[in-house]
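File shown here: protein-v8.cif, holding mmCIF, C-alpha atoms and all ligand atoms.
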```cif
data_start
loop_
_atom_site.label_atom_id
_atom_site.label_comp_id
_atom_site.auth_asym_id
_atom_site.auth_seq_id
_atom_site.Cartn_x
_atom_site.Cartn_y
_atom_site.Cartn_z
CA MET A 29 149.99 266.09 -5.27
CA GLY A 30 147.50 266.45 -2.45
CA PRO A 31 144.00 265.00 -2.49
CA GLU A 32 141.49 266.73 -4.73
CA ALA A 33 139.51 269.44 -2.93
CA MET A 34 135.88 268.38 -2.50
CA ARG A 35 132.83 270.31 -1.54
CA PHE A 36 130.49 268.48 0.78
CA SER A 37 126.78 269.05 1.29
CA ARG A 38 125.68 271.37 4.04
CA ARG A 39 124.08 268.29 5.68
CA ALA A 40 127.44 266.51 5.76
CA GLN A 41 129.22 269.57 7.08
CA GLU A 42 126.70 270.13 9.83
CA ILE A 43 126.48 266.61 11.22
CA THR A 44 128.64 266.19 14.33
CA PRO A 45 130.26 262.91 15.44
CA PHE A 46 128.42 260.35 17.55
CA LEU A 47 130.66 260.72 20.61
CA ALA A 48 129.92 257.25 22.05
CA MET A 49 131.54 255.80 18.93
CA GLU A 50 134.36 258.38 18.89
CA PHE A 51 135.30 257.35 22.43
CA GLY A 52 135.21 253.73 21.18
CA LYS A 53 137.73 254.67 18.47
CA GLN A 54 140.05 256.22 21.05
CA ALA A 55 139.65 253.13 23.26
CA ALA A 56 140.63 250.89 20.31
CA LEU A 57 143.81 252.95 19.78
CA ILE A 58 144.76 252.51 23.44
CA GLU A 59 144.05 248.76 23.20
CA ALA A 60 146.24 248.56 20.09
CA ARG A 61 149.08 249.86 22.29
CA GLY A 62 148.57 246.81 24.52
CA HIS A 63 146.37 248.19 27.33
CA HIS A 64 143.01 246.80 28.36
CA VAL A 65 140.27 249.43 28.21
CA VAL A 66 137.03 248.89 30.11
CA GLN A 67 134.54 249.95 27.45
CA LEU A 68 131.30 251.19 28.96
CA ASN A 69 130.71 253.79 26.27
CA LEU A 70 128.40 251.83 23.95
CA GLY A 71 125.05 250.20 24.64
CA GLU A 72 126.19 246.85 23.36
CA PRO A 73 125.14 243.64 25.17
CA ASP A 74 128.06 241.23 25.51
CA PHE A 75 126.02 238.01 25.14
CA GLY A 76 125.66 237.81 21.38
CA ALA A 77 122.56 236.40 19.68
CA PRO A 78 120.58 233.60 21.40
CA PRO A 79 122.07 230.13 20.64
CA ALA A 80 119.18 229.08 18.34
CA VAL A 81 119.86 232.13 16.17
CA LEU A 82 123.55 231.21 15.88
CA ALA A 83 122.59 227.61 15.00
CA ALA A 84 120.24 228.94 12.30
CA LEU A 85 123.05 231.11 10.94
CA GLU A 86 125.30 228.08 10.68
CA ARG A 87 122.64 226.12 8.76
CA LEU A 88 121.98 229.07 6.47
CA SER A 89 125.67 229.51 5.70
CA ARG A 90 125.81 226.06 4.05
CA GLY A 91 125.03 226.70 0.39
CA THR A 92 121.74 228.55 0.90
CA ARG A 93 120.93 231.03 -1.85
CA LEU A 94 120.26 234.31 -0.16
CA PRO A 95 118.43 236.53 -2.63
CA TYR A 96 116.97 239.94 -1.83
CA THR A 97 113.76 239.76 0.17
CA SER A 98 110.79 242.09 -0.18
CA ALA A 99 111.76 245.64 0.81
CA LEU A 100 109.28 245.27 3.68
CA GLY A 101 111.09 242.20 5.00
CA LEU A 102 110.38 238.46 5.03
CA ALA A 103 106.67 237.75 5.43
CA GLU A 104 107.41 235.01 8.04
CA LEU A 105 109.49 237.42 10.11
CA ARG A 106 106.79 240.10 10.00
CA GLU A 107 104.31 237.46 11.19
CA ALA A 108 106.70 236.36 13.95
CA ILE A 109 107.06 239.95 15.17
CA ALA A 110 103.25 240.30 15.20
CA GLY A 111 103.20 237.12 17.33
CA PHE A 112 105.73 238.72 19.70
CA TYR A 113 103.41 241.72 20.21
CA ARG A 114 100.56 239.28 20.90
CA HIS A 115 102.47 237.18 23.44
CA ALA A 116 104.75 239.73 25.09
CA HIS A 117 102.36 242.70 25.12
CA GLY A 118 98.87 241.32 24.57
CA VAL A 119 98.41 243.63 21.58
CA GLU A 120 97.11 242.58 18.16
CA VAL A 121 99.22 244.13 15.40
CA ASP A 122 98.51 243.27 11.77
CA ALA A 123 101.74 241.86 10.28
CA GLY A 124 101.03 244.00 7.20
CA ARG A 125 101.82 247.08 9.31
CA ILE A 126 105.25 245.75 10.35
CA VAL A 127 108.28 246.66 8.26
CA VAL A 128 111.62 244.95 8.89
CA THR A 129 114.60 247.30 8.56
CA ALA A 130 118.40 247.36 8.79
CA GLY A 131 118.36 248.13 12.53
CA ALA A 132 116.23 250.70 14.30
CA SER A 133 118.60 253.20 12.67
CA ALA A 134 117.28 252.43 9.18
CA ALA A 135 113.71 252.45 10.49
CA LEU A 136 114.29 255.94 11.87
CA LEU A 137 115.97 257.05 8.65
CA LEU A 138 113.10 255.82 6.46
CA VAL A 139 110.36 257.04 8.78
CA THR A 140 111.97 260.47 8.86
CA ALA A 141 112.35 260.47 5.08
CA ALA A 142 108.66 259.60 4.82
CA LEU A 143 107.41 262.32 7.17
CA VAL A 144 109.71 265.33 7.26
CA ASP A 145 109.83 268.26 4.87
CA PRO A 146 112.38 271.06 5.21
CA GLY A 147 111.32 273.55 7.87
CA ASP A 148 108.95 271.23 9.73
CA HIS A 149 108.86 271.97 13.44
CA VAL A 150 109.46 268.84 15.49
CA LEU A 151 109.78 268.26 19.26
CA VAL A 152 112.37 266.01 20.92
CA GLY A 153 113.37 265.73 24.58
CA ASP A 154 116.81 266.75 25.85
CA PRO A 155 118.76 264.63 26.76
CA SER A 156 118.05 261.98 24.13
CA TYR A 157 119.72 259.59 21.69
CA PRO A 158 121.70 261.90 19.39
CA CYS A 159 121.21 260.12 16.06
CA ASN A 160 117.42 260.45 16.25
CA ARG A 161 117.48 264.22 16.13
CA ARG A 162 120.13 264.11 13.40
CA PHE A 163 117.89 262.00 11.16
CA LEU A 164 115.22 264.66 11.60
CA SER A 165 117.50 267.64 10.99
CA GLY A 166 119.20 265.78 8.11
CA PHE A 167 115.88 265.92 6.27
CA GLY A 168 115.52 269.62 7.10
CA ALA A 169 113.38 269.53 10.24
CA GLN A 170 113.58 272.40 12.65
CA VAL A 171 114.22 270.30 15.76
CA GLU A 172 113.29 271.94 19.05
CA LEU A 173 114.99 270.24 21.98
CA ILE A 174 112.82 270.46 25.09
CA PRO A 175 115.00 270.58 28.22
CA THR A 176 113.99 268.01 30.83
CA ASP A 177 115.25 267.41 34.34
CA ALA A 178 115.17 264.93 37.19
CA ALA A 179 111.63 266.02 38.16
CA SER A 180 110.26 264.47 34.95
CA ARG A 181 112.84 261.65 35.06
CA PHE A 182 114.61 263.32 32.10
CA GLN A 183 111.64 262.54 29.88
CA LEU A 184 108.98 264.58 28.09
CA ASP A 185 105.66 265.08 29.82
CA LEU A 186 102.43 266.48 28.47
CA ALA A 187 102.90 269.89 30.13
CA ALA A 188 106.31 270.36 28.48
CA VAL A 189 104.96 269.27 25.09
CA GLN A 190 102.06 271.72 25.42
CA ARG A 191 104.39 274.57 26.43
CA HIS A 192 106.55 274.06 23.36
CA TRP A 193 103.78 273.21 20.90
CA ARG A 194 103.37 275.60 17.96
CA GLU A 195 100.73 276.07 15.31
CA ASP A 196 103.12 274.52 12.78
CA THR A 197 104.42 271.62 14.93
CA ARG A 198 104.34 268.51 12.71
CA GLY A 199 105.35 265.80 15.14
CA LEU A 200 107.37 264.59 18.08
CA LEU A 201 109.85 261.84 18.80
CA VAL A 202 110.14 260.04 22.13
CA ALA A 203 112.41 257.16 23.12
CA THR A 204 111.16 255.23 26.14
CA PRO A 205 112.97 253.77 28.05
CA SER A 206 115.51 256.43 27.23
CA ASN A 207 119.08 256.42 26.12
CA PRO A 208 121.06 258.01 27.93
CA THR A 209 119.14 257.97 31.21
CA GLY A 210 117.48 254.54 31.17
CA THR A 211 114.21 256.10 32.38
CA SER A 212 110.71 255.63 30.98
CA VAL A 213 107.73 257.86 30.33
CA PRO A 214 104.83 256.50 32.43
CA PRO A 215 102.34 254.80 30.07
CA GLU A 216 99.46 257.18 30.96
CA GLU A 217 101.69 260.20 30.33
CA LEU A 218 102.85 258.78 27.00
CA ALA A 219 99.25 258.08 26.00
CA ALA A 220 98.34 261.69 26.90
CA ILE A 221 101.24 263.09 24.87
CA CYS A 222 100.27 260.94 21.89
CA ARG A 223 96.60 261.93 22.22
CA TRP A 224 97.60 265.60 22.20
CA ALA A 225 99.72 265.11 19.05
CA HIS A 226 96.97 263.09 17.37
CA GLU A 227 94.38 265.79 18.15
CA HIS A 228 96.72 268.30 16.51
CA ASP A 229 97.16 266.15 13.37
CA ALA A 230 100.78 265.50 14.23
CA TRP A 231 102.78 262.28 13.97
CA ARG A 232 104.46 260.69 16.96
CA ILE A 233 107.44 258.41 16.60
CA VAL A 234 108.04 256.27 19.68
CA ASP A 235 111.41 254.55 19.81
CA GLU A 236 110.83 251.41 21.91
CA ILE A 237 114.20 249.78 21.30
CA TYR A 238 114.65 249.20 25.09
CA LEU A 239 111.02 248.40 25.88
CA ASN A 240 111.54 244.68 26.44
CA LEU A 241 114.33 245.44 28.93
CA ALA A 242 112.05 247.64 31.04
CA ASP A 243 111.35 246.72 34.67
CA GLY A 244 108.11 244.81 35.01
CA HIS A 245 106.42 244.34 31.67
CA ALA A 246 105.97 247.82 30.30
CA PRO A 247 103.23 248.16 27.69
CA THR A 248 103.95 249.22 24.13
CA VAL A 249 102.57 252.63 23.18
CA LEU A 250 100.48 250.75 20.60
CA ALA A 251 98.24 249.57 23.45
CA GLY A 252 97.08 253.19 23.92
CA ASP A 253 97.73 254.71 20.50
CA PRO A 254 97.40 252.37 17.50
CA GLY A 255 98.29 255.31 15.24
CA ALA A 256 101.76 255.84 16.78
CA ILE A 257 104.80 255.00 14.66
CA VAL A 258 106.84 252.53 16.67
CA VAL A 259 110.49 251.69 16.18
CA ASN A 260 112.16 248.61 17.65
CA SER A 261 115.23 246.47 17.09
CA PHE A 262 116.93 243.11 17.41
CA SER A 263 120.03 244.93 18.75
CA LYS A 264 119.36 245.21 22.48
CA TYR A 265 116.84 242.69 23.89
CA PHE A 266 117.95 240.02 21.41
CA GLY A 267 121.64 241.01 21.69
CA MET A 268 122.13 241.33 17.93
CA THR A 269 123.77 244.74 17.48
CA GLY A 270 126.05 243.82 14.58
CA TRP A 271 123.37 241.96 12.66
CA ARG A 272 121.73 245.24 11.73
CA LEU A 273 118.13 244.25 12.04
CA GLY A 274 115.15 246.13 13.42
CA TRP A 275 111.54 246.90 12.61
CA CYS A 276 108.84 249.50 12.77
CA VAL A 277 105.07 249.38 13.14
CA LEU A 278 103.27 251.88 10.93
CA PRO A 279 99.81 253.23 10.27
CA PRO A 280 98.57 251.16 7.27
CA GLN A 281 98.62 254.08 4.80
CA MET A 282 102.33 254.61 5.49
CA VAL A 283 103.42 251.08 4.51
CA PRO A 284 103.51 251.59 0.69
CA VAL A 285 105.44 254.85 1.22
CA MET A 286 108.02 253.05 3.36
CA GLU A 287 108.19 250.24 0.81
CA ARG A 288 109.13 252.68 -1.98
CA LEU A 289 111.72 254.36 0.23
CA ALA A 290 113.27 251.05 1.34
CA GLN A 291 113.29 249.70 -2.25
CA ASN A 292 115.21 252.75 -3.42
CA TYR A 293 117.44 253.43 -0.44
CA TYR A 294 118.70 249.91 0.31
CA ILE A 295 116.47 247.29 -1.42
CA CYS A 296 115.95 245.17 1.70
CA PRO A 297 117.45 244.34 5.09
CA SER A 298 120.08 241.57 5.26
CA THR A 299 118.48 238.33 4.05
CA ILE A 300 120.63 236.00 6.17
CA ALA A 301 120.01 238.06 9.30
CA GLN A 302 116.26 237.98 8.67
CA HIS A 303 116.13 234.19 8.24
CA ALA A 304 118.27 233.61 11.33
CA ALA A 305 116.22 236.11 13.38
CA LEU A 306 113.14 233.90 12.98
CA ALA A 307 114.72 231.75 15.71
CA CYS A 308 114.50 234.72 18.14
CA PHE A 309 110.83 234.00 18.67
CA GLN A 310 111.18 230.35 19.64
CA PRO A 311 110.25 229.83 23.31
CA GLY A 312 113.84 228.77 24.13
CA SER A 313 115.29 232.01 22.73
CA LEU A 314 112.73 234.15 24.51
CA ALA A 315 113.58 232.36 27.78
CA VAL A 316 117.29 233.14 27.19
CA CYS A 317 116.45 236.80 26.55
CA GLU A 318 114.40 237.00 29.74
CA GLN A 319 117.33 235.57 31.76
CA ARG A 320 119.56 238.20 30.20
CA ARG A 321 117.06 240.90 31.10
CA ALA A 322 117.37 239.84 34.75
CA GLU A 323 121.15 239.87 34.41
CA PHE A 324 121.06 243.44 33.04
CA GLN A 325 119.05 244.45 36.10
CA ALA A 326 121.64 242.86 38.40
CA ARG A 327 124.44 244.66 36.54
CA ARG A 328 122.61 247.96 36.86
CA ALA A 329 122.22 247.39 40.62
CA LEU A 330 125.94 246.64 40.87
CA VAL A 331 126.78 249.92 39.12
CA LEU A 332 124.36 251.99 41.20
CA GLU A 333 125.82 250.51 44.37
CA GLY A 334 129.38 251.24 43.19
CA LEU A 335 128.56 254.83 42.24
CA ALA A 336 126.84 255.47 45.56
CA GLY A 337 130.23 255.41 47.29
CA LEU A 338 131.72 258.00 44.90
CA PRO A 339 131.14 261.74 44.48
CA LEU A 340 129.05 261.01 41.39
CA ASP A 341 125.35 261.74 41.73
CA VAL A 342 122.67 259.72 39.99
CA PRO A 343 119.66 262.07 40.00
CA VAL A 344 117.21 259.45 38.70
CA ALA A 345 117.56 255.68 38.94
CA PRO A 346 117.01 253.98 35.59
CA ASP A 347 114.01 251.69 35.23
CA GLY A 348 114.57 250.24 31.82
CA ALA A 349 117.52 250.62 29.48
CA PHE A 350 120.96 249.52 30.70
CA TYR A 351 122.33 253.04 31.21
CA VAL A 352 123.16 255.16 34.22
CA TYR A 353 123.41 258.94 33.80
CA PHE A 354 125.40 260.64 36.53
CA ASP A 355 126.46 264.14 37.49
CA VAL A 356 130.23 264.77 37.74
CA THR A 357 130.02 268.32 39.18
CA ARG A 358 131.53 267.32 42.53
CA THR A 359 134.72 266.10 40.83
CA GLY A 360 135.47 269.65 39.64
CA LEU A 361 135.61 268.49 36.02
CA ASP A 362 133.07 268.96 33.25
CA ALA A 363 131.74 265.87 31.50
CA MET A 364 134.05 266.09 28.50
CA GLN A 365 137.16 266.63 30.62
CA PHE A 366 136.04 263.83 32.91
CA CYS A 367 135.57 261.35 30.05
CA ARG A 368 138.77 262.31 28.23
CA ARG A 369 140.91 262.11 31.34
CA LEU A 370 139.25 258.91 32.57
CA LEU A 371 140.02 257.24 29.24
CA ASP A 372 143.61 258.52 29.01
CA GLU A 373 144.58 258.07 32.65
CA ALA A 374 142.45 255.11 33.83
CA HIS A 375 141.51 253.36 30.57
CA VAL A 376 137.76 253.43 31.12
CA ALA A 377 135.58 254.61 28.22
CA LEU A 378 132.31 256.42 29.05
CA THR A 379 130.27 258.93 27.05
CA PRO A 380 129.96 262.63 27.95
CA GLY A 381 126.52 264.23 28.17
CA HIS A 382 127.51 266.47 25.24
CA ASP A 383 126.43 263.58 23.00
CA PHE A 384 122.85 263.70 24.18
CA GLY A 385 121.80 267.33 24.25
CA VAL A 386 122.45 270.77 25.55
CA ALA A 387 120.57 271.07 28.84
CA GLY A 388 122.97 270.05 31.61
CA ALA A 389 125.07 268.18 29.05
CA GLN A 390 128.35 269.41 30.48
CA ARG A 391 127.50 267.99 33.93
CA TYR A 392 126.42 264.50 32.97
CA VAL A 393 128.14 261.32 31.89
CA ARG A 394 126.54 258.10 30.63
CA LEU A 395 127.73 254.67 31.69
CA SER A 396 126.47 251.60 29.83
CA CYS A 397 125.87 248.59 32.11
CA ALA A 398 125.68 246.17 29.18
CA ALA A 399 129.20 244.80 29.90
CA SER A 400 129.90 241.75 32.09
CA ARG A 401 129.89 242.07 35.90
CA GLU A 402 133.70 241.55 35.91
CA GLU A 403 134.21 244.42 33.47
CA LEU A 404 131.78 246.63 35.38
CA SER A 405 133.53 245.92 38.69
CA GLU A 406 136.91 246.64 37.14
CA GLY A 407 135.49 249.85 35.61
CA LEU A 408 134.18 250.95 39.01
CA ARG A 409 137.54 250.19 40.64
CA ARG A 410 139.36 252.30 38.07
CA LEU A 411 136.76 255.06 38.34
CA SER A 412 137.22 255.20 42.10
CA ALA A 413 141.04 255.27 41.84
CA PHE A 414 140.86 257.99 39.17
CA ILE A 415 138.62 260.18 41.35
CA SER A 416 140.81 259.67 44.40
CA ARG A 417 143.77 261.08 42.40
CA LEU A 418 141.88 264.28 41.51
CA PRO A 419 142.73 267.37 43.59
C1 LIG B 501 117.27 255.01 21.53
C2 LIG B 501 117.97 254.31 20.41
N1 LIG B 501 117.39 254.25 19.21
C3 LIG B 501 117.97 253.63 18.17
C4 LIG B 501 119.21 253.03 18.28
C5 LIG B 501 119.82 252.35 17.08
O1 LIG B 501 119.79 250.97 17.22
P1 LIG B 501 120.02 249.90 16.08
O2 LIG B 501 121.24 249.12 16.48
O3 LIG B 501 118.81 249.03 16.05
O4 LIG B 501 120.20 250.63 14.79
C6 LIG B 501 119.87 253.07 19.52
C7 LIG B 501 121.20 252.46 19.68
O5 LIG B 501 121.83 252.50 20.70
C8 LIG B 501 119.23 253.71 20.61
O6 LIG B 501 119.80 253.79 21.82
#
```

Can you give me the file's structure in the form of structure tokens?
Ligand SMILES: Cc1ncc(COP(=O)(O)O)c(C=O)c1O
Amino acid sequence: MGPEAMRFSRRAQEITPFLAMEFGKQAALIEARGHHVVQLNLGEPDFGAPPAVLAALERLSRGTRLPYTSALGLAELREAIAGFYRHAHGVEVDAGRIVVTAGASAALLLVTAALVDPGDHVLVGDPSYPCNRRFLSGFGAQVELIPTDAASRFQLDLAAVQRHWREDTRGLLVATPSNPTGTSVPPEELAAICRWAHEHDAWRIVDEIYLNLADGHAPTVLAGDPGAIVVNSFSKYFGMTGWRLGWCVLPPQMVPVMERLAQNYYICPSTIAQHAALACFQPGSLAVCEQRRAEFQARRALVLEGLAGLPLDVPVAPDGAFYVYFDVTRTGLDAMQFCRRLLDEAHVALTPGHDFGVAGAQRYVRLSCAASREELSEGLRRLSAFISRLP
């Protein structure tokens, strides 16, 4: 007898796969057949957590009771994150406005649940991180993707926001630096966009998950707009993707709402991860993370140099996140064909632009520079050989 027929929600039927992870699944199948795949499809630093965090984990694993924490997160961790804003960004943030979450993903899920009603009109740039718009549409938002191009460094600017603004626009979501392009919105432009939204009684969610990897020391949006809703994570700068830990900074009146949502939706973020993450803010760990930031910049330079010799055009150099977004038009393939064939024939996993939007999606491919220099060099070698075999 076959499996019972099930009817799934419209939400479940409409959500499309996260292609970066789908390409990872294909890569794992090829590896299971005994081939090494250079995996540059996911934004996953290869360093792991800073050593002091791993040492804390080891201590915690020895007979420590690990009960649920407050749904808002451990008070000490919220204080430590407030200290990070003070030292890294020179901004005072009340720890009571910080909510620890199961990754930036859970922060985005809860924030969206707190703000979006079905039919709400919301603005998001295209290209952008796919899951963000799916949180919004999952709660019924009418998401309008605003096409961007190289002229605005593939980011929203005030003029574009104003052109697409409607009487019933409820909010906007920006990630800066961006995934997939690695580019940032200039701070003055971001402040102007936020001011516009604020003046129109709209919320603005700013995903700053790559902020601490930005060139120079980019300011948090909170420096210009204390009312912005900010999302951040331990995944990228602290190299803790699998630990599932992030945070958000909220307007004070939103904290009890988020607490109720977190209590009901998942009780609290991982207790052991929260205790261990306290060690992220020790000076030694921060020094390690800064060294890694410099290493990411060197890796990015290596990739840009490698791509420069190939018929792959990088319209805008990244200035923050460890991604490079390039145009494959000159190869005669579209992005999906390019990525599929590159994986099958050369065992390099990248992510097609189709993951990130509609505008120009079929021309662009994202490469994550978070892998080691050896892997990146091998990836570039295979990429070059693959292209030289094309007609
Ligand atoms: C822009 C952006 N936001 C959010 C996330 C989710 O990150 P987390 O691992 O903290 O859930 C990612 C992950 O790549 C991302 O690129």

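Minimum atom-to-atom distance to Val139 of chain A, evaluated using only C-alpha atoms, belongs to A:Met282 out of A:Ala55, A:Leu47, A:Leu102, A:Met282.
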
task: Tell me which of A:Ala387, A:Ala188, A:Leu200, A:Leu239 sits closest to His226 of chain A, counting all atoms listed in the file.
output: A:Leu200

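Shortest atom-to-atom contact with ligand LIG 501 (chain B) among A:Val66, A:Val283, A:Cys276, A:Leu340: A:Cys276, counting only C-alpha atoms and all ligand atoms.
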
field: Test item: residues at most 8 Å from Met268 of chain A, all atoms listed in the file, excluding those fewer than 6 positions along its chain, as a ChimeraX atom specification
entry: /A:76-77,262

Dump as a short mmCIF file (atom, residue, chain, number, x, y, z; two decimals), in the frame of the given file, selection limited to C-alpha atoms:
```cif
data_model
loop_
_atom_site.label_atom_id
_atom_site.label_comp_id
_atom_site.auth_asym_id
_atom_site.auth_seq_id
_atom_site.Cartn_x
_atom_site.Cartn_y
_atom_site.Cartn_z
CA GLY A 76 125.66 237.81 21.38
CA ALA A 77 122.56 236.40 19.68
CA PHE A 262 116.93 243.11 17.41
#
```

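Distances to Pro155 of chain A were evaluated for A:His115, A:Arg358, A:Arg394, A:Arg417 using only C-alpha atoms, and the minimum falls at A:Arg394.
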
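Using all atoms listed in the file, the nearest neighbour of Leu164 of chain A within the list A:Tyr351, A:Val331, A:Arg39, A:Leu70 is A:Arg39.
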
Give me the box for segment 199-212 of chain A as JSON, namely the centre and edge lengths in Å to one decimal of a box along x, y and z that holds every listed atom plus 4 Å on each side.
```
{"center_x": 113.2, "center_y": 259.8, "center_z": 23.8, "size_x": 23.7, "size_y": 20.0, "size_z": 25.2}
```

Listing only residues of chain A within 9 Å of ligand LIG 501 (chain B), what is the closest atom pair and its distance in Å (to one decimal) for each, using all atoms listed in the file, sorted by chain and residue number ascending, as a Markdown table?
```
| residue | atom | partner | partner_atom | distance |
| --- | --- | --- | --- | --- |
| A:Leu70 | CA | B:LIG501 | O5 | 7.4 |
| A:Gly71 | CA | B:LIG501 | O5 | 5.6 |
| A:Glu72 | CA | B:LIG501 | O5 | 7.6 |
| A:Thr129 | CA | B:LIG501 | O3 | 8.8 |
| A:Ala130 | CA | B:LIG501 | O4 | 7.1 |
| A:Gly131 | CA | B:LIG501 | O3 | 3.7 |
| A:Ala132 | CA | B:LIG501 | O3 | 3.5 |
| A:Ser133 | CA | B:LIG501 | O4 | 3.7 |
| A:Ala134 | CA | B:LIG501 | O4 | 6.6 |
| A:Ala135 | CA | B:LIG501 | O4 | 8.0 |
| A:Leu136 | CA | B:LIG501 | C3 | 7.7 |
| A:Ser156 | CA | B:LIG501 | C1 | 7.5 |
| A:Tyr157 | CA | B:LIG501 | C1 | 5.2 |
| A:Pro158 | CA | B:LIG501 | C1 | 8.5 |
| A:Cys159 | CA | B:LIG501 | C3 | 7.6 |
| A:Asn160 | CA | B:LIG501 | N1 | 6.9 |
| A:Val202 | CA | B:LIG501 | C1 | 8.7 |
| A:Ala203 | CA | B:LIG501 | C1 | 5.5 |
| A:Thr204 | CA | B:LIG501 | C1 | 7.7 |
| A:Pro205 | CA | B:LIG501 | C1 | 7.9 |
| A:Ser206 | CA | B:LIG501 | C1 | 6.1 |
| A:Asn207 | CA | B:LIG501 | O6 | 5.1 |
| A:Pro208 | CA | B:LIG501 | O6 | 7.5 |
| A:Asp235 | CA | B:LIG501 | N1 | 6.0 |
| A:Glu236 | CA | B:LIG501 | C1 | 7.4 |
| A:Ile237 | CA | B:LIG501 | N1 | 5.9 |
| A:Tyr238 | CA | B:LIG501 | C1 | 7.3 |
| A:Val259 | CA | B:LIG501 | N1 | 8.0 |
| A:Asn260 | CA | B:LIG501 | O3 | 6.9 |
| A:Ser261 | CA | B:LIG501 | O3 | 4.5 |
| A:Phe262 | CA | B:LIG501 | O3 | 6.4 |
| A:Ser263 | CA | B:LIG501 | O2 | 4.9 |
| A:Lys264 | CA | B:LIG501 | O2 | 7.4 |
| A:Met268 | CA | B:LIG501 | O2 | 8.0 |
| A:Thr269 | CA | B:LIG501 | O2 | 5.2 |
| A:Gly270 | CA | B:LIG501 | O2 | 7.4 |
| A:Trp271 | CA | B:LIG501 | O2 | 8.4 |
| A:Arg272 | CA | B:LIG501 | O2 | 6.2 |
| A:Leu273 | CA | B:LIG501 | O3 | 6.3 |
| A:Gly274 | CA | B:LIG501 | O3 | 5.4 |
| A:Trp275 | CA | B:LIG501 | O3 | 8.3 |
| A:Ala349 | CA | B:LIG501 | O6 | 8.6 |
```

Mind writing the picked residues with C-alpha atoms as a PDB file, in the frame of the given file?
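As a result, again36.pdb now contains:
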```
ATOM      1  CA  LEU A  70     128.400 251.830  23.950  1.00  0.00           C
ATOM      2  CA  GLY A  71     125.050 250.200  24.640  1.00  0.00           C
ATOM      3  CA  GLU A  72     126.190 246.850  23.360  1.00  0.00           C
ATOM      4  CA  THR A 129     114.600 247.300   8.560  1.00  0.00           C
ATOM      5  CA  ALA A 130     118.400 247.360   8.790  1.00  0.00           C
ATOM      6  CA  GLY A 131     118.360 248.130  12.530  1.00  0.00           C
ATOM      7  CA  ALA A 132     116.230 250.700  14.300  1.00  0.00           C
ATOM      8  CA  SER A 133     118.600 253.200  12.670  1.00  0.00           C
ATOM      9  CA  ALA A 134     117.280 252.430   9.180  1.00  0.00           C
ATOM     10  CA  ALA A 135     113.710 252.450  10.490  1.00  0.00           C
ATOM     11  CA  LEU A 136     114.290 255.940  11.870  1.00  0.00           C
ATOM     12  CA  SER A 156     118.050 261.980  24.130  1.00  0.00           C
ATOM     13  CA  TYR A 157     119.720 259.590  21.690  1.00  0.00           C
ATOM     14  CA  PRO A 158     121.700 261.900  19.390  1.00  0.00           C
ATOM     15  CA  CYS A 159     121.210 260.120  16.060  1.00  0.00           C
ATOM     16  CA  ASN A 160     117.420 260.450  16.250  1.00  0.00           C
ATOM     17  CA  VAL A 202     110.140 260.040  22.130  1.00  0.00           C
ATOM     18  CA  ALA A 203     112.410 257.160  23.120  1.00  0.00           C
ATOM     19  CA  THR A 204     111.160 255.230  26.140  1.00  0.00           C
ATOM     20  CA  PRO A 205     112.970 253.770  28.050  1.00  0.00           C
ATOM     21  CA  SER A 206     115.510 256.430  27.230  1.00  0.00           C
ATOM     22  CA  ASN A 207     119.080 256.420  26.120  1.00  0.00           C
ATOM     23  CA  PRO A 208     121.060 258.010  27.930  1.00  0.00           C
ATOM     24  CA  ASP A 235     111.410 254.550  19.810  1.00  0.00           C
ATOM     25  CA  GLU A 236     110.830 251.410  21.910  1.00  0.00           C
ATOM     26  CA  ILE A 237     114.200 249.780  21.300  1.00  0.00           C
ATOM     27  CA  TYR A 238     114.650 249.200  25.090  1.00  0.00           C
ATOM     28  CA  VAL A 259     110.490 251.690  16.180  1.00  0.00           C
ATOM     29  CA  ASN A 260     112.160 248.610  17.650  1.00  0.00           C
ATOM     30  CA  SER A 261     115.230 246.470  17.090  1.00  0.00           C
ATOM     31  CA  PHE A 262     116.930 243.110  17.410  1.00  0.00           C
ATOM     32  CA  SER A 263     120.030 244.930  18.750  1.00  0.00           C
ATOM     33  CA  LYS A 264     119.360 245.210  22.480  1.00  0.00           C
ATOM     34  CA  MET A 268     122.130 241.330  17.930  1.00  0.00           C
ATOM     35  CA  THR A 269     123.770 244.740  17.480  1.00  0.00           C
ATOM     36  CA  GLY A 270     126.050 243.820  14.580  1.00  0.00           C
ATOM     37  CA  TRP A 271     123.370 241.960  12.660  1.00  0.00           C
ATOM     38  CA  ARG A 272     121.730 245.240  11.730  1.00  0.00           C
ATOM     39  CA  LEU A 273     118.130 244.250  12.040  1.00  0.00           C
ATOM     40  CA  GLY A 274     115.150 246.130  13.420  1.00  0.00           C
ATOM     41  CA  TRP A 275     111.540 246.900  12.610  1.00  0.00           C
ATOM     42  CA  ALA A 349     117.520 250.620  29.480  1.00  0.00           C
TER      43      ALA A 349
END
```

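Compared by their closest atoms to Ile174 of chain A, and using all atoms listed in the file, the residues A:Val386, A:Gly348, A:Thr209, A:Ala40 rank with A:Val386 nearest.
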
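Taking atom CA of Asp372 of chain A and atom CA of Ala48 of chain A as the two end points, the separation is 15.4 Å.
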
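Atom pair atom CA of His149 of chain A / atom CA of Gln41 of chain A: separated by 21.5 Å.
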
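What separates atom CA of Pro175 of chain A from atom CA of Leu151 of chain A is a distance of 10.6 Å.
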
message: Set the distance at 12 Å and use only C-alpha atoms: which residues neighbour Ser180 of chain A once local chain neighbours fewer than 5 positions away are removed? I'd like the list as JSON, numbers by chain.
response: {"A": [153, 154, 155, 174, 175, 185, 186, 187, 188, 209, 211, 212, 213, 214, 217, 343, 344]}
